[in-house]
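Peer 1: Sharing a structure here in structure tokens format.
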Amino acid sequence: MKQPRFFHGVAAVALLSGLMGPVLAREPVGSIEDVRKLEKQIAAVAGKAMKSTVALIAEATGASGSGVVASADGMILTAAHVIEGVEEVQVVFPDGKQVKGKVLGANLSKDIGLVKIEDEGPWPFMERGESKPLKAGDWVIAMGHSTGFDPSRTPPVRFGRVVSDGPGNFMTTDCTLIGGDSGGPLFDLDGKVVGINSSIGEALKNNNHAGVDGFKDDWDRLIAGEVWGELEMNPMRNQERPVMGINFGPAVRGGGVIVAAVRGPAAKAGIRPGDVIRTLDGTVVRDGGNMQVLLAKKQAGDRVKVGGVRSGKPFEAEVELKQMNQLR
Amino acid sequence: MLLQTALLTGAFAQRGGPEVPLMRPEEAEVVQRQTIEFFDAIRPAAQQAVASTVWVWTDTTGRGKRPVVFGTVVGDGTKVLTKWSEIAMARGPIQVVGGDGKTAKATVEGVYQDEDLALLSLEGARYRPVDLSQVEAPKIGNFLIAASPDDTPASVGVVAVEARSLREKDQAFLGVRLDPEHSGTGVRILGVEEESGALEAGLKEGDVILSVGGRAVNSLIEMRTALAGFGPGERLEIRFQRDGGEVKVEAELKEKSESYPQLPGGRLRQMEKMGTTLSLVRGGFPSVIQTDMQLERDHCGGPVVDLDGKFAGVAIARADRTRSFIIPTKAIVELLDRSPLTPQEAQDALAQQREERQQVGQAAPQGQQPPKQRMIPAKPKQAENLRRHLEDMERLMERMRAEMEGLE
């Protein structure tokens with residue numbers, strides 16, 4: 001069991017933190033007509049996606065997961081943990097057709113991986129979309145071979161919405177997942193792949209997906225067959241979590257935290273030891289833990305605005321976040 | 001087994017905390033507002049069905065009456081279909097109550113065992129029956145709404161898998177054991193089962209099956225899928241290779257279950273339950289639509305409608321975290337044409353089934369199939385005891401499993 005208490009603490013902090021941003025429900029559904037439109041889109045996406053949603057069976061380990069074909073020549077997006085430790089998988093299409101797949105690379109920290117069908121295509125595929133713009137309230141469709149390949153049924157369709165973006169490249173939806181769904185696709189209403197099923201928590205709303213943008217960022221390494229990173233369910237311990245490069249000291253009464261040491265991007269942005277940081281993108285920071293939670297929701301490469309006090313005078317700085325494991 | 005570890009490490013780490021760690025307050029607000037908006041939008045579609053949905057009240061625990069499950073009004077308005085396993089243990093009278101407060105005395109007139117449905121006969125009030133004229137089944141991705149006796153639907157979801165049978169005896173069985181090592185065209189027979197269609201058709205070890213029912217098969221899974229579309233009693237053409245020549249035979253499929261490579265039972269059972277209370281009887285139905293609805297166990301038994309408000313079936317079970325099952329209209333229409341078992345026959349059949357199960361259970365290999373889920377105890381008092389025992393055992397097992405997984 002990994003640090004359940006720590007997670008608790010973090011979560012409680014998350015719920016208490018910060019100022020409220022503007023509340024905007026995305027794509028509002030105000031009438032039965034809106035729901036009908038939604039239904040049409042879901043049916044269209046599910047119908048098309050069915051052919052490309054494959055089961056991946058690793059005969060070497062007995063693991064069974066899912067994947068989605070994302071190009072005509074048979075490139076399959078899946079979760080890193082589905083293919084970890086094997087070189088070959090059996091790719092099973094919903095109609096039972098079975099072909100061999102060569103395992104390429106995987107980034108365990110993002111839980112993404114690639115498999116290439118060995119036989120020549122063209123294969124039925126779904127296009128990749130973008131995961132970064134997704135926010136709470138965006139409608140999504142999840143698919144996968146729940147509990148393993150079952151010839152008596154097609155891969156089950158689940159409809160829901162993003163309930164939380166982040167941490168990092170991950171996002172959470174209320175499309176309920178179970179074992180076997182791992183590596184299966186998450187689609188937006190246009191039928192673009194926006195995520196890959198990764199893990200679940202106890203709550204029905206807690207279904208986690210790796211954002212599809214991770215593939216774009218890591219494409220060359222994945223294609224080259226590199227396997228790296230670490231599977232880490234606790235986002236605070238993920239090697240690729242976004243950081244500023246600040247060691248935090250004690251909290252300050254009334255909000256804010258003292259900077260103990262600085263390196264990397266924070267140093268580059270001019271933040272110094274002894275500064276008090278009061279806000280992150282306008283949200284008041286209570287203490288170091290609170291700051292880490294706020295940062296966990298961002299991604300490396302994001303620019304954040306830091307508001308602070310130095311020698312009694314307010315200052316502002318902009319910091320470009322870096323991956324923890326890239327700090328120097 | 002990294003696949004399950006990953007999924008469950010997450011679960012353990014997050015157990016007991018808030019629903020979604022790291023969810024921002026504004027995200028929680030967006031999601032909640034959207035839920036309210038969505039239910040407001042679909043409410044008109046469920047309006048008609050509200051009058052055909054009743055609460056079924058009875059005492060199943062000895063601790064007094066409570067609404068144990070929903071019911072669907074059928075026939076002339078004095079009959080109700082409800083979930084049998086939820087009321088089988090009723091001690092004393094059964095009542096139904098409509099959303100408008102109208103109450104009627106109910107008696108169990110008959111039981112449709114395979115569907116886990118009881119037909120209640122009402123006395124003292126009449127409700128609006130559902131319209132059974134729409135027999136076209138909803139398609140994948142269509143919305144389905146589970147009605148409730150009050151204004152707010154019990155749940156909403158989409159068709160995840162279209163209607164299919166979950167009954168083992170509906171799965172066709174040819175009776176060949178296949179060579180997993182065989183490479184190249186076709187699938188090679190390692191052995192032929194006794195009393196099977198394959199044996200009758202003259203298939204034997206070493207034969208390489210090339211096609212089944214006109215469909216080429218080149219792997220074990222392709223073979224299973226080729227058979228999956230057929231039922232017991234059907235005859236299929238088998239094309240195979242023997243001694244360099246090609247032969248065609250016709251084989252009859254028989255009844256038997258096959259086990260497919262699935263996730264190990266223990267972990268899966270744990271995941272199934274995460275975040276949910278499951279129905280007692282949740283498998284083996286002859287025809288069900290799978291949906292992603294999050295039906296509460298005590299909200300089963302009521303009518304399910306589509307966005308036009310048309311009756312699409314009866315909500316029959318919450319099966320796990322991801323699945324709720326609906327018996328489609330067509331199956332309900334056919335069922336109402338059949339004569340049900342009497343309540344006494346149903347109780348006797350259950351008792352017998354349980355005995356057989358215990359015998360089979362001793363002989364069956366461990367861990368191959370998930371345990372059979374149809375277990376309704378016969379006598380009310382025994383029932384209560386047995387259930388309490390089972391629940392205690394389950395909790396204990398769960399804890400042991402959790403601890404064992406912690407060790408891995």
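Identifiers for the structure tokens are assigned positionally: chains receive A, B, ... in sequence, residues are indexed from 1 per chain, and ligands are indexed from 1 in the order shown.
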What's the 10 Å shell around Val115 of chain A, counting only C-alpha atoms, without same-chain residues fewer than 5 positions away, as number ranges by chain?
Peer 2: A: 56, 67-69, 74-79, 83, 87-89, 91, 100-106, 222-223, 225
Peer 1: Would you kindly return, as a PDB file with C-alpha atoms, in the first residue's frame, each protein, DNA or RNA residue with an atom no farther than 7 Å from any atom of segment 278-293 of chain B, considering only C-alpha atoms and excluding same-chain residues fewer than 2 positions away?
Peer 2:
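So the final result, stored in result-v8.pdb, reads:
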ATOM      1  CA  ARG A 158     -19.392   4.027 -21.631  1.00  0.00           C
TER       2      ARG A 158
ATOM      3  CA  SER B  85     -34.501 -12.403  -5.694  1.00  0.00           C
ATOM      4  CA  ASP B 114     -34.269 -17.431 -15.637  1.00  0.00           C
ATOM      5  CA  GLU B 115     -35.156 -13.743 -15.815  1.00  0.00           C
ATOM      6  CA  SER B 155     -30.511   6.424 -13.408  1.00  0.00           C
ATOM      7  CA  VAL B 156     -29.536   7.133 -16.983  1.00  0.00           C
ATOM      8  CA  GLY B 157     -26.968   5.497 -19.215  1.00  0.00           C
ATOM      9  CA  VAL B 158     -26.214   4.356 -22.737  1.00  0.00           C
ATOM     10  CA  VAL B 159     -26.522   0.970 -24.406  1.00  0.00           C
ATOM     11  CA  ALA B 160     -23.029  -0.474 -23.889  1.00  0.00           C
ATOM     12  CA  VAL B 161     -23.692  -3.830 -25.550  1.00  0.00           C
ATOM     13  CA  GLU B 162     -26.853  -4.770 -27.466  1.00  0.00           C
ATOM     14  CA  ALA B 163     -29.126  -7.570 -26.249  1.00  0.00           C
ATOM     15  CA  ARG B 164     -27.456 -10.938 -25.757  1.00  0.00           C
ATOM     16  CA  SER B 165     -27.824 -14.093 -23.700  1.00  0.00           C
ATOM     17  CA  LEU B 166     -25.797 -14.537 -20.527  1.00  0.00           C
ATOM     18  CA  ARG B 167     -27.061 -18.085 -20.090  1.00  0.00           C
ATOM     19  CA  GLU B 168     -24.312 -20.663 -20.219  1.00  0.00           C
ATOM     20  CA  LYS B 273     -17.655  -4.020  -6.254  1.00  0.00           C
ATOM     21  CA  THR B 276     -21.268  -0.117  -5.676  1.00  0.00           C
ATOM     22  CA  LEU B 295     -28.428   1.530 -10.877  1.00  0.00           C
ATOM     23  CA  ARG B 297     -29.628  -2.435  -6.132  1.00  0.00           C
ATOM     24  CA  ALA B 317     -29.594  -5.992 -12.125  1.00  0.00           C
ATOM     25  CA  ARG B 318     -26.629  -3.962 -11.089  1.00  0.00           C
ATOM     26  CA  ALA B 319     -23.912  -6.380 -12.155  1.00  0.00           C
ATOM     27  CA  ASP B 320     -20.718  -4.516 -11.291  1.00  0.00           C
ATOM     28  CA  THR B 322     -19.415  -0.807 -15.088  1.00  0.00           C
ATOM     29  CA  ARG B 323     -22.594  -2.732 -15.895  1.00  0.00           C
ATOM     30  CA  SER B 324     -26.338  -2.704 -15.287  1.00  0.00           C
ATOM     31  CA  PHE B 325     -28.602  -5.109 -17.175  1.00  0.00           C
ATOM     32  CA  ILE B 326     -31.997  -4.438 -18.787  1.00  0.00           C
ATOM     33  CA  ILE B 327     -34.367  -7.170 -20.010  1.00  0.00           C
ATOM     34  CA  PRO B 328     -35.555  -5.794 -23.376  1.00  0.00           C
ATOM     35  CA  ALA B 331     -38.163 -10.586 -24.033  1.00  0.00           C
ATOM     36  CA  GLN B 373     -24.302 -15.979  -8.849  1.00  0.00           C
ATOM     37  CA  ARG B 374     -27.782 -17.433  -8.562  1.00  0.00           C
TER      38      ARG B 374
END
Peer 1: As JSON, numbers by chain, which residues of segment 88-332 of chain B does DSSP assign to helix (DSSP H, G or I)?
Peer 2: {"B": [168, 169, 170, 197, 198, 199, 200, 220, 221, 222, 223, 224, 225, 226, 227, 228, 265, 266, 267, 268, 269, 270, 271, 272, 273, 297, 298, 299, 329, 330, 331, 332]}
Peer 1: May I ask which of the residues A:Glu232, A:Glu202, A:Asp181, A:Asp188 is the closest one to chain B, counting only C-alpha atoms?
Peer 2: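 Checking each of A:Glu232, A:Glu202, A:Asp181, A:Asp188 against chain B, counting only C-alpha atoms, the winner is A:Glu202.
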Peer 1: Rank B:Gln352, B:Thr82, B:Thr342, B:Ser219 by their smallest atom-to-atom distance to Glu109 of chain B, using only C-alpha atoms, and report the top residue only.
Peer 2: B:Thr342
Peer 1: Just list as a ChimeraX atom specification whatever in segment 189-232 of chain A DSSP marks as strand (DSSP E).
Peer 2: /A:193-200,207-211,227-228
Peer 1: Determine the nearest neighbour of chain B from the options A:Pro124, A:Gly201, A:Pro185, A:Gly195, counting only C-alpha atoms.
Peer 2: A:Gly201
Peer 1: What does the distance from atom CA of Gly124 of chain B to atom CA of Lys65 of chain B come to in Å, to one decimal?
Peer 2: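 Going from atom CA of Gly124 of chain B over to atom CA of Lys65 of chain B covers 19.0 Å.
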Peer 1: Which residues are near Ala49 of chain B? Cut-off 7 Å, only C-alpha atoms, ignore same chain within fewer than 2 positions. Put them as a short mmCIF file (atom, residue, chain, number, x, y, z; two decimals) with N, CA, C and O atoms, in the first residue's frame.
Peer 2:
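Produced file part13.cif, reproduced below:
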data_model
loop_
_atom_site.label_atom_id
_atom_site.label_comp_id
_atom_site.auth_asym_id
_atom_site.auth_seq_id
_atom_site.Cartn_x
_atom_site.Cartn_y
_atom_site.Cartn_z
N ALA B 46 -39.09 10.55 -19.18
CA ALA B 46 -39.44 9.49 -18.22
C ALA B 46 -40.82 9.70 -17.61
O ALA B 46 -41.33 8.85 -16.89
N GLN B 47 -41.44 10.85 -17.95
CA GLN B 47 -42.69 11.25 -17.30
C GLN B 47 -43.78 10.17 -17.32
O GLN B 47 -44.37 9.84 -16.30
N ALA B 51 -45.70 6.85 -13.81
CA ALA B 51 -46.99 6.31 -13.37
C ALA B 51 -47.03 4.79 -13.44
O ALA B 51 -47.91 4.16 -12.87
N SER B 52 -46.07 4.20 -14.18
CA SER B 52 -46.03 2.73 -14.30
C SER B 52 -44.96 2.11 -13.40
O SER B 52 -44.65 0.94 -13.51
N THR B 53 -44.37 2.94 -12.55
CA THR B 53 -43.33 2.45 -11.65
C THR B 53 -43.85 2.46 -10.21
O THR B 53 -44.44 3.46 -9.79
N VAL B 130 -47.28 -0.28 -18.59
CA VAL B 130 -46.37 0.18 -19.65
C VAL B 130 -46.90 -0.30 -21.00
O VAL B 130 -47.61 -1.30 -21.08
N ALA B 147 -36.77 4.62 -14.91
CA ALA B 147 -37.76 5.46 -14.23
C ALA B 147 -37.81 5.11 -12.75
O ALA B 147 -37.34 4.06 -12.32
N PRO B 303 -39.39 0.13 -14.87
CA PRO B 303 -39.30 0.25 -16.32
C PRO B 303 -38.15 1.16 -16.76
O PRO B 303 -37.75 2.07 -16.05
#
Peer 1: Which residues are near Gly282 of chain A? Cut-off 8 Å, only C-alpha atoms, ignore same chain within fewer than 4 positions. Put them as an NGL selection string.
Peer 2: :A and (305-307)
Peer 1: Find, counting only C-alpha atoms, the residue in A:Ile42, A:Ala72, A:Ala269, A:Ala58 that gets nearest to chain B.
Peer 2: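 The closest residue to chain B is A:Ile42.
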Peer 1: Check the smallest atom-to-atom distance from each of B:Gly206, B:Gly141, B:Pro153, B:Gly213 to Glu296 of chain B using only C-alpha atoms, then report the winner.
Peer 2: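 Distance minimum relative to Glu296 of chain B lands on B:Pro153.
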Peer 1: Compare A:Phe187, A:Asn208, A:Ser71, A:Ile117 by their minimum atom-to-atom distance to chain B, counting only C-alpha atoms, and give me the closest one.
Peer 2: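 Residue with the minimum atom-to-atom distance to chain B: A:Asn208.
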Peer 1: May I have the residues within 8 Å of Lys254 of chain B as a list in words, using only C-alpha atoms and disregarding those fewer than 4 positions away in the same chain?
Peer 2: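 With the cut-off at 8 Å, the set is Ala172, Phe173, Leu174, Ser196, Gly197, Gly231, Pro232 and Gly233 of chain B.
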Peer 1: Quick check, in Å to one decimal: how far apart do atom CA of Pro129 of chain B and atom CA of Gly75 of chain B lie?
Peer 2: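 We find that atom CA of Pro129 of chain B and atom CA of Gly75 of chain B lie 6.2 Å from each other.
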